[in-house]
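Dumped my_file-v3.pdb below, it's PDB, C-alpha atoms:
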```pdb
ATOM      1  CA  LYS Q   1      -1.138 -27.560 -14.512  1.00  0.00           C
ATOM      2  CA  ALA Q   2       1.618 -30.014 -13.652  1.00  0.00           C
ATOM      3  CA  GLY Q   3       1.954 -31.116 -10.051  1.00  0.00           C
ATOM      4  CA  VAL Q   4       5.021 -31.383  -7.868  1.00  0.00           C
ATOM      5  CA  THR Q   5       7.585 -33.670  -9.411  1.00  0.00           C
ATOM      6  CA  GLN Q   6      10.363 -35.500  -7.621  1.00  0.00           C
ATOM      7  CA  THR Q   7      13.335 -37.330  -9.056  1.00  0.00           C
ATOM      8  CA  PRO Q   8      14.387 -39.996  -8.831  1.00  0.00           C
ATOM      9  CA  ARG Q   9      11.392 -41.992  -7.626  1.00  0.00           C
ATOM     10  CA  TYR Q  10      13.496 -44.836  -6.265  1.00  0.00           C
ATOM     11  CA  LEU Q  11      17.083 -44.935  -5.099  1.00  0.00           C
ATOM     12  CA  ILE Q  12      19.327 -47.523  -3.486  1.00  0.00           C
ATOM     13  CA  LYS Q  13      22.508 -46.382  -1.768  1.00  0.00           C
ATOM     14  CA  THR Q  14      25.132 -47.893   0.503  1.00  0.00           C
ATOM     15  CA  ARG Q  15      25.916 -46.778   4.030  1.00  0.00           C
ATOM     16  CA  GLY Q  16      28.423 -43.936   4.055  1.00  0.00           C
ATOM     17  CA  GLN Q  17      27.483 -42.617   0.622  1.00  0.00           C
ATOM     18  CA  GLN Q  18      25.705 -39.372  -0.030  1.00  0.00           C
ATOM     19  CA  VAL Q  19      22.577 -38.707  -2.027  1.00  0.00           C
ATOM     20  CA  THR Q  20      20.878 -35.756  -3.687  1.00  0.00           C
ATOM     21  CA  LEU Q  21      17.156 -35.636  -4.292  1.00  0.00           C
ATOM     22  CA  SER Q  22      15.400 -33.162  -6.532  1.00  0.00           C
ATOM     23  CA  CYS Q  23      12.030 -31.454  -6.385  1.00  0.00           C
ATOM     24  CA  SER Q  24      10.310 -29.260  -8.954  1.00  0.00           C
ATOM     25  CA  PRO Q  25       7.412 -27.310  -7.433  1.00  0.00           C
ATOM     26  CA  ILE Q  26       4.203 -26.333  -9.128  1.00  0.00           C
ATOM     27  CA  SER Q  27       4.771 -23.426 -11.463  1.00  0.00           C
ATOM     28  CA  GLY Q  28       4.516 -20.164  -9.545  1.00  0.00           C
ATOM     29  CA  HIS Q  29       5.042 -21.738  -6.144  1.00  0.00           C
ATOM     30  CA  ARG Q  30       7.912 -20.201  -4.214  1.00  0.00           C
ATOM     31  CA  SER Q  31       7.893 -22.294  -1.056  1.00  0.00           C
ATOM     32  CA  VAL Q  32       9.271 -25.813  -1.023  1.00  0.00           C
ATOM     33  CA  SER Q  33       9.232 -28.014   2.064  1.00  0.00           C
ATOM     34  CA  TRP Q  34      10.787 -31.426   2.602  1.00  0.00           C
ATOM     35  CA  TYR Q  35       9.488 -34.222   4.801  1.00  0.00           C
ATOM     36  CA  GLN Q  36      10.746 -37.650   5.753  1.00  0.00           C
ATOM     37  CA  GLN Q  37       8.253 -40.499   6.120  1.00  0.00           C
ATOM     38  CA  THR Q  38       9.193 -43.717   7.914  1.00  0.00           C
ATOM     39  CA  PRO Q  39       7.129 -46.510   9.487  1.00  0.00           C
ATOM     40  CA  GLY Q  40       8.569 -45.740  12.908  1.00  0.00           C
ATOM     41  CA  GLN Q  41       8.492 -41.953  13.012  1.00  0.00           C
ATOM     42  CA  GLY Q  42       5.758 -41.147  10.503  1.00  0.00           C
ATOM     43  CA  LEU Q  43       5.925 -37.857   8.616  1.00  0.00           C
ATOM     44  CA  GLN Q  44       8.542 -35.448   9.919  1.00  0.00           C
ATOM     45  CA  PHE Q  45       9.370 -31.961   8.717  1.00  0.00           C
ATOM     46  CA  LEU Q  46      12.936 -31.508   7.481  1.00  0.00           C
ATOM     47  CA  PHE Q  47      13.140 -27.926   6.211  1.00  0.00           C
ATOM     48  CA  GLU Q  48      11.432 -25.267   4.140  1.00  0.00           C
ATOM     49  CA  TYR Q  49      12.884 -22.979   1.510  1.00  0.00           C
ATOM     50  CA  PHE Q  50      11.346 -19.770   0.290  1.00  0.00           C
ATOM     51  CA  SER Q  51      12.973 -17.498  -2.273  1.00  0.00           C
ATOM     52  CA  GLU Q  52      16.233 -19.443  -2.028  1.00  0.00           C
ATOM     53  CA  THR Q  53      16.434 -19.016   1.757  1.00  0.00           C
ATOM     54  CA  GLN Q  54      15.865 -21.629   4.414  1.00  0.00           C
ATOM     55  CA  ARG Q  55      12.885 -20.350   6.374  1.00  0.00           C
ATOM     56  CA  ASN Q  56      12.224 -23.215   8.769  1.00  0.00           C
ATOM     57  CA  LYS Q  57      14.198 -26.217   9.893  1.00  0.00           C
ATOM     58  CA  GLY Q  58      13.143 -29.405  11.630  1.00  0.00           C
ATOM     59  CA  ASN Q  59      15.038 -31.444  14.154  1.00  0.00           C
ATOM     60  CA  PHE Q  60      17.384 -33.401  11.910  1.00  0.00           C
ATOM     61  CA  PRO Q  61      21.177 -33.684  12.046  1.00  0.00           C
ATOM     62  CA  GLY Q  62      23.411 -31.543   9.892  1.00  0.00           C
ATOM     63  CA  ARG Q  63      23.894 -34.443   7.472  1.00  0.00           C
ATOM     64  CA  PHE Q  64      20.575 -33.341   6.005  1.00  0.00           C
ATOM     65  CA  SER Q  65      20.811 -30.175   3.982  1.00  0.00           C
ATOM     66  CA  GLY Q  66      18.996 -28.482   1.171  1.00  0.00           C
ATOM     67  CA  ARG Q  67      18.956 -25.587  -1.163  1.00  0.00           C
ATOM     68  CA  GLN Q  68      16.629 -23.785  -3.502  1.00  0.00           C
ATOM     69  CA  PHE Q  69      17.410 -22.304  -6.866  1.00  0.00           C
ATOM     70  CA  SER Q  70      16.156 -19.089  -8.424  1.00  0.00           C
ATOM     71  CA  ASN Q  71      13.525 -21.033 -10.371  1.00  0.00           C
ATOM     72  CA  SER Q  72      12.211 -22.441  -7.042  1.00  0.00           C
ATOM     73  CA  ARG Q  73      13.434 -25.940  -7.781  1.00  0.00           C
ATOM     74  CA  SER Q  74      14.918 -27.512  -4.682  1.00  0.00           C
ATOM     75  CA  GLU Q  75      17.384 -30.211  -3.829  1.00  0.00           C
ATOM     76  CA  MET Q  76      18.063 -31.974  -0.590  1.00  0.00           C
ATOM     77  CA  ASN Q  77      21.261 -33.760   0.227  1.00  0.00           C
ATOM     78  CA  VAL Q  78      22.000 -36.427   2.793  1.00  0.00           C
ATOM     79  CA  SER Q  79      25.649 -37.128   3.498  1.00  0.00           C
ATOM     80  CA  THR Q  80      27.197 -40.158   5.191  1.00  0.00           C
ATOM     81  CA  LEU Q  81      24.081 -42.226   4.803  1.00  0.00           C
ATOM     82  CA  GLU Q  82      22.931 -44.437   7.649  1.00  0.00           C
ATOM     83  CA  LEU Q  83      20.554 -47.394   7.540  1.00  0.00           C
ATOM     84  CA  GLY Q  84      18.008 -45.317   9.439  1.00  0.00           C
ATOM     85  CA  ASP Q  85      17.861 -42.824   6.594  1.00  0.00           C
ATOM     86  CA  SER Q  86      15.872 -45.319   4.552  1.00  0.00           C
ATOM     87  CA  ALA Q  87      12.574 -43.564   4.047  1.00  0.00           C
ATOM     88  CA  LEU Q  88      10.185 -41.918   1.670  1.00  0.00           C
ATOM     89  CA  TYR Q  89      11.251 -38.315   1.141  1.00  0.00           C
ATOM     90  CA  LEU Q  90       8.399 -36.018   0.249  1.00  0.00           C
ATOM     91  CA  CYS Q  91       8.523 -32.565  -1.201  1.00  0.00           C
ATOM     92  CA  ALA Q  92       5.654 -30.098  -0.932  1.00  0.00           C
ATOM     93  CA  SER Q  93       5.196 -26.723  -2.571  1.00  0.00           C
ATOM     94  CA  SER Q  94       2.948 -23.764  -1.883  1.00  0.00           C
ATOM     95  CA  LEU Q  95       2.418 -20.212  -3.095  1.00  0.00           C
ATOM     96  CA  ALA Q  96       4.111 -17.045  -1.936  1.00  0.00           C
ATOM     97  CA  GLY Q  97       4.049 -17.136   1.776  1.00  0.00           C
ATOM     98  CA  ARG Q  98       2.236 -16.917   5.056  1.00  0.00           C
ATOM     99  CA  GLY Q  99      -1.266 -15.582   4.968  1.00  0.00           C
ATOM    100  CA  GLN Q 100      -1.874 -16.389   1.352  1.00  0.00           C
ATOM    101  CA  GLY Q 101      -1.791 -19.490  -0.752  1.00  0.00           C
ATOM    102  CA  TYR Q 102      -0.396 -21.606   1.995  1.00  0.00           C
ATOM    103  CA  GLU Q 103      -1.996 -24.889   0.980  1.00  0.00           C
ATOM    104  CA  GLN Q 104       0.782 -27.385   0.412  1.00  0.00           C
ATOM    105  CA  TYR Q 105       0.792 -29.768  -2.511  1.00  0.00           C
ATOM    106  CA  PHE Q 106       2.871 -32.899  -2.150  1.00  0.00           C
ATOM    107  CA  GLY Q 107       4.844 -34.780  -4.747  1.00  0.00           C
ATOM    108  CA  PRO Q 108       4.863 -38.592  -4.999  1.00  0.00           C
ATOM    109  CA  GLY Q 109       8.105 -38.864  -3.054  1.00  0.00           C
ATOM    110  CA  THR Q 110      11.497 -40.478  -3.517  1.00  0.00           C
ATOM    111  CA  ARG Q 111      11.895 -43.897  -1.933  1.00  0.00           C
ATOM    112  CA  LEU Q 112      15.464 -44.121  -0.576  1.00  0.00           C
ATOM    113  CA  THR Q 113      16.817 -47.461   0.560  1.00  0.00           C
ATOM    114  CA  VAL Q 114      20.164 -47.571   2.353  1.00  0.00           C
ATOM    115  CA  THR Q 115      21.898 -50.947   2.487  1.00  0.00           C
TER     116      THR Q 115
ATOM    117  CA  GLY R   1       3.586 -42.330  -0.664  1.00  0.00           C
ATOM    118  CA  GLU R   2       3.407 -45.890   0.586  1.00  0.00           C
ATOM    119  CA  SER R   3       2.250 -46.332   4.127  1.00  0.00           C
ATOM    120  CA  VAL R   4       2.648 -50.103   4.184  1.00  0.00           C
ATOM    121  CA  GLY R   5       4.329 -51.209   7.349  1.00  0.00           C
ATOM    122  CA  LEU R   6       3.017 -48.389   9.506  1.00  0.00           C
ATOM    123  CA  HIS R   7       1.339 -49.641  12.680  1.00  0.00           C
ATOM    124  CA  LEU R   8      -1.641 -47.393  12.341  1.00  0.00           C
ATOM    125  CA  PRO R   9      -4.993 -47.231  14.013  1.00  0.00           C
ATOM    126  CA  THR R  10      -7.509 -48.679  11.614  1.00  0.00           C
ATOM    127  CA  LEU R  11     -11.093 -47.953  10.839  1.00  0.00           C
ATOM    128  CA  SER R  12     -13.332 -50.122   8.686  1.00  0.00           C
ATOM    129  CA  VAL R  13     -16.681 -48.843   7.482  1.00  0.00           C
ATOM    130  CA  GLN R  14     -19.369 -50.039   5.128  1.00  0.00           C
ATOM    131  CA  GLU R  15     -19.773 -48.193   1.878  1.00  0.00           C
ATOM    132  CA  GLY R  16     -22.396 -45.505   2.285  1.00  0.00           C
ATOM    133  CA  ASP R  17     -21.891 -45.122   6.027  1.00  0.00           C
ATOM    134  CA  ASN R  18     -20.359 -42.050   7.634  1.00  0.00           C
ATOM    135  CA  SER R  19     -16.756 -42.192   8.882  1.00  0.00           C
ATOM    136  CA  ILE R  20     -15.246 -40.325  11.785  1.00  0.00           C
ATOM    137  CA  ILE R  21     -11.482 -40.143  12.123  1.00  0.00           C
ATOM    138  CA  ASN R  22     -10.027 -38.652  15.277  1.00  0.00           C
ATOM    139  CA  CYS R  23      -6.774 -36.936  16.058  1.00  0.00           C
ATOM    140  CA  ALA R  24      -5.265 -35.577  19.241  1.00  0.00           C
ATOM    141  CA  TYR R  25      -2.777 -32.784  18.735  1.00  0.00           C
ATOM    142  CA  SER R  26      -0.021 -31.787  21.066  1.00  0.00           C
ATOM    143  CA  ASN R  27       0.631 -28.069  20.886  1.00  0.00           C
ATOM    144  CA  SER R  28      -1.995 -25.851  22.478  1.00  0.00           C
ATOM    145  CA  ALA R  29      -0.422 -22.895  20.642  1.00  0.00           C
ATOM    146  CA  SER R  30      -1.052 -24.404  17.205  1.00  0.00           C
ATOM    147  CA  ASP R  31      -3.043 -22.056  15.048  1.00  0.00           C
ATOM    148  CA  TYR R  32      -3.760 -24.048  11.926  1.00  0.00           C
ATOM    149  CA  PHE R  33      -4.843 -27.623  11.302  1.00  0.00           C
ATOM    150  CA  ILE R  34      -5.092 -29.673   8.160  1.00  0.00           C
ATOM    151  CA  TRP R  35      -6.316 -33.102   7.158  1.00  0.00           C
ATOM    152  CA  TYR R  36      -4.475 -35.025   4.471  1.00  0.00           C
ATOM    153  CA  LYS R  37      -5.298 -38.242   2.641  1.00  0.00           C
ATOM    154  CA  GLN R  38      -2.534 -40.527   1.441  1.00  0.00           C
ATOM    155  CA  GLU R  39      -3.167 -43.331  -0.996  1.00  0.00           C
ATOM    156  CA  SER R  40      -0.674 -46.055  -1.702  1.00  0.00           C
ATOM    157  CA  GLY R  41       2.102 -44.844  -3.970  1.00  0.00           C
ATOM    158  CA  LYS R  42       1.152 -41.196  -3.688  1.00  0.00           C
ATOM    159  CA  GLY R  43       2.034 -38.195  -1.608  1.00  0.00           C
ATOM    160  CA  PRO R  44      -0.427 -36.721   0.903  1.00  0.00           C
ATOM    161  CA  GLN R  45      -3.369 -34.919  -0.634  1.00  0.00           C
ATOM    162  CA  PHE R  46      -4.982 -31.888   1.025  1.00  0.00           C
ATOM    163  CA  ILE R  47      -8.565 -32.503   2.153  1.00  0.00           C
ATOM    164  CA  ILE R  48      -9.620 -29.637   4.380  1.00  0.00           C
ATOM    165  CA  ASP R  49      -8.153 -27.160   6.838  1.00  0.00           C
ATOM    166  CA  ILE R  50      -9.337 -25.123   9.803  1.00  0.00           C
ATOM    167  CA  ARG R  51      -7.956 -22.231  11.787  1.00  0.00           C
ATOM    168  CA  SER R  52      -7.919 -22.116  15.554  1.00  0.00           C
ATOM    169  CA  ASN R  53     -10.566 -19.373  15.657  1.00  0.00           C
ATOM    170  CA  MET R  54     -13.116 -21.788  14.219  1.00  0.00           C
ATOM    171  CA  ASP R  55     -14.622 -24.973  15.620  1.00  0.00           C
ATOM    172  CA  LYS R  56     -16.201 -26.392  12.481  1.00  0.00           C
ATOM    173  CA  ARG R  57     -15.647 -26.233   8.767  1.00  0.00           C
ATOM    174  CA  GLN R  58     -17.411 -28.071   5.989  1.00  0.00           C
ATOM    175  CA  GLY R  59     -16.304 -29.118   2.560  1.00  0.00           C
ATOM    176  CA  GLN R  60     -17.661 -31.469  -0.024  1.00  0.00           C
ATOM    177  CA  ARG R  61     -18.690 -34.610   1.935  1.00  0.00           C
ATOM    178  CA  VAL R  62     -16.186 -33.740   4.668  1.00  0.00           C
ATOM    179  CA  THR R  63     -16.436 -31.829   7.923  1.00  0.00           C
ATOM    180  CA  VAL R  64     -13.631 -30.971  10.311  1.00  0.00           C
ATOM    181  CA  LEU R  65     -14.346 -30.313  13.971  1.00  0.00           C
ATOM    182  CA  LEU R  66     -11.864 -28.661  16.298  1.00  0.00           C
ATOM    183  CA  ASN R  67     -12.079 -28.823  20.087  1.00  0.00           C
ATOM    184  CA  LYS R  68      -9.300 -26.680  21.477  1.00  0.00           C
ATOM    185  CA  THR R  69     -10.245 -27.386  25.085  1.00  0.00           C
ATOM    186  CA  VAL R  70      -9.199 -31.011  24.788  1.00  0.00           C
ATOM    187  CA  LYS R  71      -6.860 -30.528  21.803  1.00  0.00           C
ATOM    188  CA  HIS R  72      -8.887 -32.786  19.575  1.00  0.00           C
ATOM    189  CA  LEU R  73      -9.555 -32.736  15.873  1.00  0.00           C
ATOM    190  CA  SER R  74     -11.916 -34.938  13.903  1.00  0.00           C
ATOM    191  CA  LEU R  75     -12.680 -35.549  10.267  1.00  0.00           C
ATOM    192  CA  GLN R  76     -16.133 -36.681   9.280  1.00  0.00           C
ATOM    193  CA  ILE R  77     -16.666 -38.208   5.852  1.00  0.00           C
ATOM    194  CA  ALA R  78     -20.262 -38.526   4.716  1.00  0.00           C
ATOM    195  CA  ALA R  79     -21.468 -41.441   2.589  1.00  0.00           C
ATOM    196  CA  THR R  80     -18.041 -43.083   2.535  1.00  0.00           C
ATOM    197  CA  GLN R  81     -17.025 -44.517  -0.819  1.00  0.00           C
ATOM    198  CA  PRO R  82     -14.438 -47.170  -1.786  1.00  0.00           C
ATOM    199  CA  GLY R  83     -12.260 -44.383  -3.179  1.00  0.00           C
ATOM    200  CA  ASP R  84     -11.998 -42.959   0.320  1.00  0.00           C
ATOM    201  CA  SER R  85      -9.886 -45.931   1.408  1.00  0.00           C
ATOM    202  CA  ALA R  86      -6.511 -44.471   2.363  1.00  0.00           C
ATOM    203  CA  VAL R  87      -4.415 -43.335   5.301  1.00  0.00           C
ATOM    204  CA  TYR R  88      -5.599 -40.063   6.820  1.00  0.00           C
ATOM    205  CA  PHE R  89      -3.280 -37.702   8.657  1.00  0.00           C
ATOM    206  CA  CYS R  90      -4.001 -34.654  10.721  1.00  0.00           C
ATOM    207  CA  ALA R  91      -1.327 -31.978  10.772  1.00  0.00           C
ATOM    208  CA  GLU R  92      -0.832 -28.883  12.888  1.00  0.00           C
ATOM    209  CA  SER R  93       1.127 -25.719  12.432  1.00  0.00           C
ATOM    210  CA  PRO R  94       2.102 -23.073  14.942  1.00  0.00           C
ATOM    211  CA  GLN R  95       1.008 -20.350  12.537  1.00  0.00           C
ATOM    212  CA  THR R  96      -1.499 -20.168   9.737  1.00  0.00           C
ATOM    213  CA  GLY R  97       0.440 -20.288   6.531  1.00  0.00           C
ATOM    214  CA  ALA R  98       3.588 -21.655   8.095  1.00  0.00           C
ATOM    215  CA  ASN R  99       4.740 -24.661   6.175  1.00  0.00           C
ATOM    216  CA  ASN R 100       6.491 -26.536   8.976  1.00  0.00           C
ATOM    217  CA  LEU R 101       3.698 -28.988   9.606  1.00  0.00           C
ATOM    218  CA  PHE R 102       3.660 -31.541  12.417  1.00  0.00           C
ATOM    219  CA  PHE R 103       1.822 -34.678  11.389  1.00  0.00           C
ATOM    220  CA  GLY R 104      -0.085 -37.182  13.485  1.00  0.00           C
ATOM    221  CA  THR R 105       0.518 -40.903  13.143  1.00  0.00           C
ATOM    222  CA  GLY R 106      -2.355 -41.450  10.741  1.00  0.00           C
ATOM    223  CA  THR R 107      -5.419 -43.675  10.569  1.00  0.00           C
ATOM    224  CA  ARG R 108      -5.981 -46.287   7.900  1.00  0.00           C
ATOM    225  CA  LEU R 109      -9.535 -46.174   6.605  1.00  0.00           C
ATOM    226  CA  THR R 110     -10.860 -49.228   4.782  1.00  0.00           C
ATOM    227  CA  VAL R 111     -14.213 -49.020   3.053  1.00  0.00           C
ATOM    228  CA  ILE R 112     -16.026 -52.320   2.681  1.00  0.00           C
ATOM    229  CA  PRO R 113     -18.095 -52.486  -0.515  1.00  0.00           C
TER     230      PRO R 113
END
```

Let me see whether you can do it: turn the structure in this file into C-alpha cells.
Amino acid sequence: KAGVTQTPRYLIKTRGQQVTLSCSPISGHRSVSWYQQTPGQGLQFLFEYFSETQRNKGNFPGRFSGRQFSNSRSEMNVSTLELGDSALYLCASSLAGRGQGYEQYFGPGTRLTVT
Amino acid sequence: GESVGLHLPTLSVQEGDNSIINCAYSNSASDYFIWYKQESGKGPQFIIDIRSNMDKRQGQRVTVLLNKTVKHLSLQIAATQPGDSAVYFCAESPQTGANNLFFGTGTRLTVIP
C-alpha cells in the first residue's frame, strides 16, 4: 500500500510570508503527527491530530498551526515566516490510537527554505 | 530526510562486524522507546521498539537493550551491512502508543566495505 506522502517536497519562501504544507497518511491511519528537523535542534514534535482533533502539541509558537480533515489528510501552516523556520518538516501517520497500531510511519518530508 | 549538516556522533564499522549504538534518554517516566533509521533523502524508518517493562527485545539482526536504572538505550546490529549506513535515532514517549515522540540527537553509522 502507498506510504505517507507529503507535498510539496521543496519550498522556498521569503521572511514574513506564510506557508501551508500537506500530508496524506497511509490509508486507514487516523493519527497524523508533524515534526520539524533542523541541524541545530534535531527532530522536534510539533503536534498530533487524531480524528480531526489536536491531541498533542509540542513547544512551538502559535505561528505553527495545523488541522486534519475528515479523510485524515492533514495540513500544517506557518505564518510570518522567520529564517529559523528553515527546516525539514516531517509528517508521520499511525493507526487508530493508543494501545493499538501505534507504530508511526514517516513521509519523506518537505524541505522549507526561508530567505 | 537529509541529515547533512548535523553535528552527530559517528560510528564507523567494518562490514560484517556488529554495531552498537547508544542513547541516553532524559525522562525517567518514559514508557515507550523506539529506534529509527534515517537515510539521506528519506524520512525516519521504524526499526524496533521496546516498552519500559522489558529490558531486551530482538528483531531481525537487531536487538534493543533498555537500562532504566541509568536511563540508557542501545541498539545492536548484527553482521552490519553497507545498507545499514544511515543516521540512527532513539525516541521516547511518555506513554506507549502516544505519538508525541522525543528524539535523541542521532548517531551516524558508516559501514566500511

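The two atoms in question, CA of Ser70 (chain Q) and CA of Thr7 (chain Q), are spaced 18.5 Å apart.
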
Expand the PyMOL selection byres ((chain R and resi 45) around 8) into the explicit residue set it covers here, and present it as a PDB file with C-alpha atoms, keeping the file's coordinate frame.
```pdb
ATOM      1  CA  TYR Q 105       0.792 -29.768  -2.511  1.00  0.00           C
ATOM      2  CA  PHE Q 106       2.871 -32.899  -2.150  1.00  0.00           C
TER       3      PHE Q 106
ATOM      4  CA  TYR R  36      -4.475 -35.025   4.471  1.00  0.00           C
ATOM      5  CA  LYS R  37      -5.298 -38.242   2.641  1.00  0.00           C
ATOM      6  CA  GLN R  38      -2.534 -40.527   1.441  1.00  0.00           C
ATOM      7  CA  GLY R  43       2.034 -38.195  -1.608  1.00  0.00           C
ATOM      8  CA  PRO R  44      -0.427 -36.721   0.903  1.00  0.00           C
ATOM      9  CA  PHE R  46      -4.982 -31.888   1.025  1.00  0.00           C
ATOM     10  CA  ILE R  47      -8.565 -32.503   2.153  1.00  0.00           C
TER      11      ILE R  47
END
```

Could you spell out the hits of the ChimeraX specification (/Q :<12) & /R on the shown file, as a ChimeraX atom specification? /R:1-8,32-51,87-107

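Across the chains present, the PyMOL selection byres ((chain R and resi 111) around 12) applied to this file returns Thr10, Leu11, Ser12, Val13, Gln14, Glu15, Gly16, Asp17, Asn18, Ser19, Ile77, Ala79, Thr80, Gln81, Pro82, Gly83, Asp84, Ser85, Ala86, Val87, Arg108, Leu109, Thr110, Ile112 and Pro113 of chain R.
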
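Shortest separation to Lys56 (chain R) among R:Tyr25, R:Ile20, R:Ser30, R:Gln76 occurs at residue R:Gln76, atoms counted being all atoms listed in the file.
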
I want to know what sits within 12 Å of region 12-20 of chain Q, based on all atoms listed in the file, with residues of the same chain fewer than 6 positions away left out; could you give that as a short mmCIF file (atom, residue, chain, number, x, y, z; two decimals) with C-alpha atoms, in the coordinates of the input?
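Final output, part27.cif:
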```cif
data_model
loop_
_atom_site.label_atom_id
_atom_site.label_comp_id
_atom_site.auth_asym_id
_atom_site.auth_seq_id
_atom_site.Cartn_x
_atom_site.Cartn_y
_atom_site.Cartn_z
CA GLN Q 6 10.36 -35.50 -7.62
CA ARG Q 63 23.89 -34.44 7.47
CA PHE Q 64 20.58 -33.34 6.00
CA SER Q 65 20.81 -30.18 3.98
CA GLY Q 66 19.00 -28.48 1.17
CA ARG Q 67 18.96 -25.59 -1.16
CA SER Q 74 14.92 -27.51 -4.68
CA GLU Q 75 17.38 -30.21 -3.83
CA MET Q 76 18.06 -31.97 -0.59
CA ASN Q 77 21.26 -33.76 0.23
CA VAL Q 78 22.00 -36.43 2.79
CA SER Q 79 25.65 -37.13 3.50
CA THR Q 80 27.20 -40.16 5.19
CA LEU Q 81 24.08 -42.23 4.80
CA GLU Q 82 22.93 -44.44 7.65
CA LEU Q 83 20.55 -47.39 7.54
CA GLY Q 84 18.01 -45.32 9.44
CA ASP Q 85 17.86 -42.82 6.59
CA SER Q 86 15.87 -45.32 4.55
CA ALA Q 87 12.57 -43.56 4.05
CA LEU Q 88 10.18 -41.92 1.67
CA TYR Q 89 11.25 -38.32 1.14
CA THR Q 110 11.50 -40.48 -3.52
CA ARG Q 111 11.90 -43.90 -1.93
CA LEU Q 112 15.46 -44.12 -0.58
CA THR Q 113 16.82 -47.46 0.56
CA VAL Q 114 20.16 -47.57 2.35
CA THR Q 115 21.90 -50.95 2.49
#
```

For the atom pair CA of Ala29 (chain R) and CA of Leu75 (chain R), what is the interatomic distance in Å to one decimal place? 20.4 Å

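When CA of Pro9 (chain R) is paired with CA of Gly59 (chain R), their separation reads 24.2 Å.
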
Compile the contact shell of Cys23 (chain R) as a VMD selection string: residues with an atom at most 7 Å away, counting all atoms listed in the file, same-chain residues fewer than 6 positions apart removed. chain R and resid 72 to 74 90

Please reconstruct the missing atoms of region 19-24 of chain R (target: all heavy atoms) and return them as an mmCIF file, in the frame of the given file.
```cif
data_model
loop_
_atom_site.group_PDB
_atom_site.id
_atom_site.type_symbol
_atom_site.label_atom_id
_atom_site.label_comp_id
_atom_site.auth_asym_id
_atom_site.auth_seq_id
_atom_site.Cartn_x
_atom_site.Cartn_y
_atom_site.Cartn_z
ATOM 1 N N SER R 19 -18.015 -41.860 8.183
ATOM 2 C CA SER R 19 -16.756 -42.192 8.882
ATOM 3 C C SER R 19 -16.353 -41.023 9.766
ATOM 4 O O SER R 19 -16.542 -39.857 9.395
ATOM 5 C CB SER R 19 -15.634 -42.449 7.877
ATOM 6 O OG SER R 19 -15.962 -43.474 6.983
ATOM 7 N N ILE R 20 -15.795 -41.353 10.911
ATOM 8 C CA ILE R 20 -15.246 -40.325 11.785
ATOM 9 C C ILE R 20 -13.840 -40.731 12.157
ATOM 10 O O ILE R 20 -13.617 -41.803 12.732
ATOM 11 C CB ILE R 20 -16.076 -40.126 13.066
ATOM 12 C CG1 ILE R 20 -17.505 -39.695 12.714
ATOM 13 C CG2 ILE R 20 -15.421 -39.063 13.957
ATOM 14 C CD1 ILE R 20 -18.418 -39.569 13.918
ATOM 15 N N ILE R 21 -12.886 -39.896 11.820
ATOM 16 C CA ILE R 21 -11.482 -40.143 12.123
ATOM 17 C C ILE R 21 -11.036 -39.095 13.127
ATOM 18 O O ILE R 21 -11.265 -37.902 12.931
ATOM 19 C CB ILE R 21 -10.622 -40.074 10.851
ATOM 20 C CG1 ILE R 21 -11.111 -41.113 9.840
ATOM 21 C CG2 ILE R 21 -9.147 -40.299 11.176
ATOM 22 C CD1 ILE R 21 -10.468 -40.990 8.470
ATOM 23 N N ASN R 22 -10.413 -39.547 14.194
ATOM 24 C CA ASN R 22 -10.027 -38.652 15.277
ATOM 25 C C ASN R 22 -8.526 -38.418 15.340
ATOM 26 O O ASN R 22 -7.730 -39.250 14.908
ATOM 27 C CB ASN R 22 -10.507 -39.237 16.607
ATOM 28 C CG ASN R 22 -12.004 -39.336 16.680
ATOM 29 O OD1 ASN R 22 -12.709 -38.344 16.506
ATOM 30 N ND2 ASN R 22 -12.506 -40.540 16.900
ATOM 31 N N CYS R 23 -8.185 -37.300 15.939
ATOM 32 C CA CYS R 23 -6.774 -36.936 16.058
ATOM 33 C C CYS R 23 -6.601 -36.068 17.299
ATOM 34 O O CYS R 23 -7.370 -35.133 17.519
ATOM 35 C CB CYS R 23 -6.343 -36.193 14.803
ATOM 36 S SG CYS R 23 -4.679 -35.523 14.851
ATOM 37 N N ALA R 24 -5.614 -36.410 18.101
ATOM 38 C CA ALA R 24 -5.265 -35.577 19.241
ATOM 39 C C ALA R 24 -3.987 -34.829 18.900
ATOM 40 O O ALA R 24 -3.010 -35.455 18.482
ATOM 41 C CB ALA R 24 -5.053 -36.435 20.480
#
```
